Amino acid sequence: MSLDPHTFMATLEKRIGLTTEDRELLKSEADWGLEAASEMADHFYAYLGRDAEMNAILHASNERMHRLHETFIQWFHEMFTGMDNWGNAYAERRWKIGLVHVRLGIGPQHVVPAMATVIYEVGKRLTKDGKSANLKDALSRMCMIDLAFIEQAYIEVSSSAVLRETGWSEGLFKRLIVSGAKAM
C-alpha cells in the first residue's frame, strides 16, 4: 500500500468540494492568515497541552515547543498560499506532516479534536476581524484535507507494517479488516 500524495490531494479536493473560488479567496487573505497563525498555534497547543500524554510529547525536549509553534505558523499560512497552487509540493508536505505525526505518536484521538479547536478559534477570529463566512468555509475545507492526510498516514504506515511483517497480500489484509469490523 503506497499513497501517491498528489492523487490523494486531487481525490480529497473533489470529495470535499474545494473550488477555484476557495483557492482564490484563501490566497487573497494570505496576509491575514499569517497574522492569525501565531494565535491559532497558541490555541492549538494550549488544547493539546491539557492532555498529559500530549503534554509529554510536546515537551520531550527543550526546544520542541518553539519548533512546533514555528512549524504550525508555516502550516497554517500554507493553507492560504497553497505553496504551488495546492499541487505536488503542497500534497507532499501534507503527507510528510502526517508521517511526522505517526512517528511522534500523536494519534488521531488527539489530532481530530485539536483541528476542531483550530476551526472553532479561527471562526471566532474571522468574525472579530469582519471576514466572510466564505473564508471560514474555504479554510475549514483545507483543514479537513490536511486532517485527512494525517489520518491516512496512520492507515498507510500501519497497513504497510503488517503487510511487510506477515507477507500477506493487500487483498487478504483488506478482507481481514472487513471481517474484523463485522465481528465487533
# chains A, B, ... in the order shown; residues from 1 in each chain; ligands from 1
call {"tool": "residues_around", "arguments": {"residues": "Ala41 in chain A", "least_positions_apart": "4", "cutoff": "10 Å", "atoms": "only C-alpha atoms", "output": "list in words"}}
result
Ala36, Ala37, Tyr45, Ala46, Tyr47, Leu68, His69, Glu70, Thr71, Phe72, Ile73, Trp75, Phe76 and Val118 of chain A
call {"tool": "atom_distance", "arguments": {"atom1": "CA of Leu3 in chain A", "atom2": "CA of Arg64 in chain A"}}
result
28.4 Å
call {"tool": "residues_around", "arguments": {"residues": "range 110-115 of chain A", "least_positions_apart": "4", "cutoff": "8 Å", "atoms": "only C-alpha atoms", "output": "JSON, numbers by chain"}}
result
{"A": [44, 47, 48, 54, 106, 119, 143, 147]}
call {"tool": "atom_distance", "arguments": {"atom1": "CA of Leu58 in chain A", "atom2": "CA of Gly105 in chain A"}}
result
10.7 Å
call {"tool": "closest_atom_pairs", "arguments": {"of": "range 3-67 of chain A", "to": "range 92-99 of chain A", "cutoff": "9 Å", "atoms": "only C-alpha atoms", "output": "JSON lines"}}
result
{"residue": "A:Leu3", "atom": "CA", "partner": "A:Trp95", "partner_atom": "CA", "distance": 8.8}
{"residue": "A:Asp4", "atom": "CA", "partner": "A:Glu92", "partner_atom": "CA", "distance": 8.7}
{"residue": "A:Pro5", "atom": "CA", "partner": "A:Glu92", "partner_atom": "CA", "distance": 5.7}
{"residue": "A:His6", "atom": "CA", "partner": "A:Glu92", "partner_atom": "CA", "distance": 7.2}
call {"tool": "decode", "arguments": {"residues": "range 121-165 of chain A", "atoms": "N, CA and C atoms", "output": "PDB file, in the first residue's frame"}}
result
ATOM      1  N   GLU A 121     -11.635  28.300  16.835  1.00  0.00           N
ATOM      2  CA  GLU A 121     -10.946  29.545  17.186  1.00  0.00           C
ATOM      3  C   GLU A 121     -10.748  30.456  15.975  1.00  0.00           C
ATOM      4  N   VAL A 122     -10.460  29.865  14.826  1.00  0.00           N
ATOM      5  CA  VAL A 122     -10.303  30.695  13.632  1.00  0.00           C
ATOM      6  C   VAL A 122     -11.649  31.316  13.252  1.00  0.00           C
ATOM      7  N   GLY A 123     -12.726  30.599  13.493  1.00  0.00           N
ATOM      8  CA  GLY A 123     -14.058  31.161  13.238  1.00  0.00           C
ATOM      9  C   GLY A 123     -14.321  32.381  14.092  1.00  0.00           C
ATOM     10  N   LYS A 124     -13.941  32.309  15.355  1.00  0.00           N
ATOM     11  CA  LYS A 124     -14.102  33.463  16.243  1.00  0.00           C
ATOM     12  C   LYS A 124     -13.250  34.639  15.764  1.00  0.00           C
ATOM     13  N   ARG A 125     -12.027  34.346  15.362  1.00  0.00           N
ATOM     14  CA  ARG A 125     -11.126  35.411  14.896  1.00  0.00           C
ATOM     15  C   ARG A 125     -11.644  36.021  13.590  1.00  0.00           C
ATOM     16  N   LEU A 126     -12.136  35.183  12.693  1.00  0.00           N
ATOM     17  CA  LEU A 126     -12.686  35.693  11.429  1.00  0.00           C
ATOM     18  C   LEU A 126     -13.852  36.639  11.690  1.00  0.00           C
ATOM     19  N   THR A 127     -14.731  36.248  12.605  1.00  0.00           N
ATOM     20  CA  THR A 127     -15.874  37.091  12.940  1.00  0.00           C
ATOM     21  C   THR A 127     -15.409  38.415  13.537  1.00  0.00           C
ATOM     22  N   LYS A 128     -14.470  38.328  14.481  1.00  0.00           N
ATOM     23  CA  LYS A 128     -13.935  39.528  15.129  1.00  0.00           C
ATOM     24  C   LYS A 128     -13.321  40.478  14.103  1.00  0.00           C
ATOM     25  N   ASP A 129     -12.644  39.911  13.106  1.00  0.00           N
ATOM     26  CA  ASP A 129     -11.963  40.726  12.099  1.00  0.00           C
ATOM     27  C   ASP A 129     -12.858  41.088  10.914  1.00  0.00           C
ATOM     28  N   GLY A 130     -14.143  40.701  10.979  1.00  0.00           N
ATOM     29  CA  GLY A 130     -15.085  41.066   9.927  1.00  0.00           C
ATOM     30  C   GLY A 130     -14.876  40.327   8.609  1.00  0.00           C
ATOM     31  N   LYS A 131     -14.315  39.140   8.679  1.00  0.00           N
ATOM     32  CA  LYS A 131     -14.079  38.349   7.468  1.00  0.00           C
ATOM     33  C   LYS A 131     -15.334  37.551   7.123  1.00  0.00           C
ATOM     34  N   SER A 132     -15.397  37.095   5.894  1.00  0.00           N
ATOM     35  CA  SER A 132     -16.605  36.436   5.389  1.00  0.00           C
ATOM     36  C   SER A 132     -16.741  34.991   5.850  1.00  0.00           C
ATOM     37  N   ALA A 133     -17.988  34.541   5.870  1.00  0.00           N
ATOM     38  CA  ALA A 133     -18.274  33.130   6.149  1.00  0.00           C
ATOM     39  C   ALA A 133     -17.673  32.249   5.052  1.00  0.00           C
ATOM     40  N   ASN A 134     -17.561  32.788   3.838  1.00  0.00           N
ATOM     41  CA  ASN A 134     -16.958  32.018   2.747  1.00  0.00           C
ATOM     42  C   ASN A 134     -15.498  31.693   3.041  1.00  0.00           C
ATOM     43  N   LEU A 135     -14.799  32.624   3.685  1.00  0.00           N
ATOM     44  CA  LEU A 135     -13.406  32.365   4.038  1.00  0.00           C
ATOM     45  C   LEU A 135     -13.338  31.263   5.089  1.00  0.00           C
ATOM     46  N   LYS A 136     -14.220  31.315   6.068  1.00  0.00           N
ATOM     47  CA  LYS A 136     -14.246  30.254   7.089  1.00  0.00           C
ATOM     48  C   LYS A 136     -14.519  28.907   6.428  1.00  0.00           C
ATOM     49  N   ASP A 137     -15.458  28.868   5.506  1.00  0.00           N
ATOM     50  CA  ASP A 137     -15.782  27.613   4.830  1.00  0.00           C
ATOM     51  C   ASP A 137     -14.592  27.087   4.020  1.00  0.00           C
ATOM     52  N   ALA A 138     -13.930  27.965   3.292  1.00  0.00           N
ATOM     53  CA  ALA A 138     -12.776  27.558   2.481  1.00  0.00           C
ATOM     54  C   ALA A 138     -11.649  27.048   3.374  1.00  0.00           C
ATOM     55  N   LEU A 139     -11.383  27.760   4.456  1.00  0.00           N
ATOM     56  CA  LEU A 139     -10.329  27.345   5.369  1.00  0.00           C
ATOM     57  C   LEU A 139     -10.705  26.033   6.062  1.00  0.00           C
ATOM     58  N   SER A 140     -11.956  25.870   6.412  1.00  0.00           N
ATOM     59  CA  SER A 140     -12.405  24.615   7.024  1.00  0.00           C
ATOM     60  C   SER A 140     -12.200  23.437   6.065  1.00  0.00           C
ATOM     61  N   ARG A 141     -12.483  23.659   4.790  1.00  0.00           N
ATOM     62  CA  ARG A 141     -12.250  22.594   3.806  1.00  0.00           C
ATOM     63  C   ARG A 141     -10.761  22.238   3.732  1.00  0.00           C
ATOM     64  N   MET A 142      -9.909  23.258   3.746  1.00  0.00           N
ATOM     65  CA  MET A 142      -8.465  22.991   3.714  1.00  0.00           C
ATOM     66  C   MET A 142      -8.025  22.234   4.966  1.00  0.00           C
ATOM     67  N   CYS A 143      -8.557  22.621   6.114  1.00  0.00           N
ATOM     68  CA  CYS A 143      -8.217  21.913   7.352  1.00  0.00           C
ATOM     69  C   CYS A 143      -8.628  20.438   7.268  1.00  0.00           C
ATOM     70  N   MET A 144      -9.777  20.169   6.675  1.00  0.00           N
ATOM     71  CA  MET A 144     -10.237  18.781   6.559  1.00  0.00           C
ATOM     72  C   MET A 144      -9.357  17.987   5.591  1.00  0.00           C
ATOM     73  N   ILE A 145      -8.905  18.635   4.538  1.00  0.00           N
ATOM     74  CA  ILE A 145      -7.975  17.967   3.619  1.00  0.00           C
ATOM     75  C   ILE A 145      -6.683  17.637   4.354  1.00  0.00           C
ATOM     76  N   ASP A 146      -6.155  18.597   5.082  1.00  0.00           N
ATOM     77  CA  ASP A 146      -4.918  18.366   5.822  1.00  0.00           C
ATOM     78  C   ASP A 146      -5.103  17.292   6.884  1.00  0.00           C
ATOM     79  N   LEU A 147      -6.232  17.302   7.552  1.00  0.00           N
ATOM     80  CA  LEU A 147      -6.529  16.279   8.555  1.00  0.00           C
ATOM     81  C   LEU A 147      -6.603  14.896   7.914  1.00  0.00           C
ATOM     82  N   ALA A 148      -7.192  14.818   6.731  1.00  0.00           N
ATOM     83  CA  ALA A 148      -7.283  13.530   6.031  1.00  0.00           C
ATOM     84  C   ALA A 148      -5.891  12.974   5.721  1.00  0.00           C
ATOM     85  N   PHE A 149      -4.946  13.850   5.382  1.00  0.00           N
ATOM     86  CA  PHE A 149      -3.572  13.393   5.149  1.00  0.00           C
ATOM     87  C   PHE A 149      -2.990  12.757   6.414  1.00  0.00           C
ATOM     88  N   ILE A 150      -3.217  13.379   7.557  1.00  0.00           N
ATOM     89  CA  ILE A 150      -2.688  12.849   8.812  1.00  0.00           C
ATOM     90  C   ILE A 150      -3.341  11.510   9.125  1.00  0.00           C
ATOM     91  N   GLU A 151      -4.652  11.449   8.989  1.00  0.00           N
ATOM     92  CA  GLU A 151      -5.367  10.202   9.257  1.00  0.00           C
ATOM     93  C   GLU A 151      -4.897   9.085   8.315  1.00  0.00           C
ATOM     94  N   GLN A 152      -4.724   9.426   7.040  1.00  0.00           N
ATOM     95  CA  GLN A 152      -4.307   8.424   6.068  1.00  0.00           C
ATOM     96  C   GLN A 152      -2.899   7.926   6.347  1.00  0.00           C
ATOM     97  N   ALA A 153      -2.052   8.788   6.904  1.00  0.00           N
ATOM     98  CA  ALA A 153      -0.692   8.359   7.248  1.00  0.00           C
ATOM     99  C   ALA A 153      -0.738   7.213   8.253  1.00  0.00           C
ATOM    100  N   TYR A 154      -1.633   7.284   9.230  1.00  0.00           N
ATOM    101  CA  TYR A 154      -1.761   6.195  10.194  1.00  0.00           C
ATOM    102  C   TYR A 154      -2.162   4.897   9.506  1.00  0.00           C
ATOM    103  N   ILE A 155      -3.103   4.990   8.599  1.00  0.00           N
ATOM    104  CA  ILE A 155      -3.573   3.794   7.898  1.00  0.00           C
ATOM    105  C   ILE A 155      -2.454   3.216   7.040  1.00  0.00           C
ATOM    106  N   GLU A 156      -1.794   4.065   6.288  1.00  0.00           N
ATOM    107  CA  GLU A 156      -0.743   3.591   5.380  1.00  0.00           C
ATOM    108  C   GLU A 156       0.430   2.981   6.137  1.00  0.00           C
ATOM    109  N   VAL A 157       0.880   3.636   7.188  1.00  0.00           N
ATOM    110  CA  VAL A 157       2.013   3.125   7.963  1.00  0.00           C
ATOM    111  C   VAL A 157       1.651   1.804   8.629  1.00  0.00           C
ATOM    112  N   SER A 158       0.476   1.746   9.254  1.00  0.00           N
ATOM    113  CA  SER A 158       0.041   0.512   9.920  1.00  0.00           C
ATOM    114  C   SER A 158      -0.110  -0.630   8.926  1.00  0.00           C
ATOM    115  N   SER A 159      -0.784  -0.359   7.832  1.00  0.00           N
ATOM    116  CA  SER A 159      -1.009  -1.393   6.814  1.00  0.00           C
ATOM    117  C   SER A 159       0.307  -1.891   6.237  1.00  0.00           C
ATOM    118  N   SER A 160       1.193  -0.971   5.920  1.00  0.00           N
ATOM    119  CA  SER A 160       2.482  -1.338   5.347  1.00  0.00           C
ATOM    120  C   SER A 160       3.285  -2.201   6.310  1.00  0.00           C
ATOM    121  N   ALA A 161       3.255  -1.850   7.583  1.00  0.00           N
ATOM    122  CA  ALA A 161       3.992  -2.625   8.586  1.00  0.00           C
ATOM    123  C   ALA A 161       3.435  -4.040   8.700  1.00  0.00           C
ATOM    124  N   VAL A 162       2.115  -4.180   8.731  1.00  0.00           N
ATOM    125  CA  VAL A 162       1.503  -5.506   8.832  1.00  0.00           C
ATOM    126  C   VAL A 162       1.828  -6.337   7.591  1.00  0.00           C
ATOM    127  N   LEU A 163       1.695  -5.745   6.411  1.00  0.00           N
ATOM    128  CA  LEU A 163       1.983  -6.482   5.180  1.00  0.00           C
ATOM    129  C   LEU A 163       3.445  -6.910   5.118  1.00  0.00           C
ATOM    130  N   ARG A 164       4.329  -6.047   5.520  1.00  0.00           N
ATOM    131  CA  ARG A 164       5.762  -6.352   5.499  1.00  0.00           C
ATOM    132  C   ARG A 164       6.095  -7.476   6.487  1.00  0.00           C
ATOM    133  N   GLU A 165       5.527  -7.412   7.680  1.00  0.00           N
ATOM    134  CA  GLU A 165       5.835  -8.387   8.729  1.00  0.00           C
ATOM    135  C   GLU A 165       5.189  -9.748   8.476  1.00  0.00           C
TER     136      GLU A 165
END
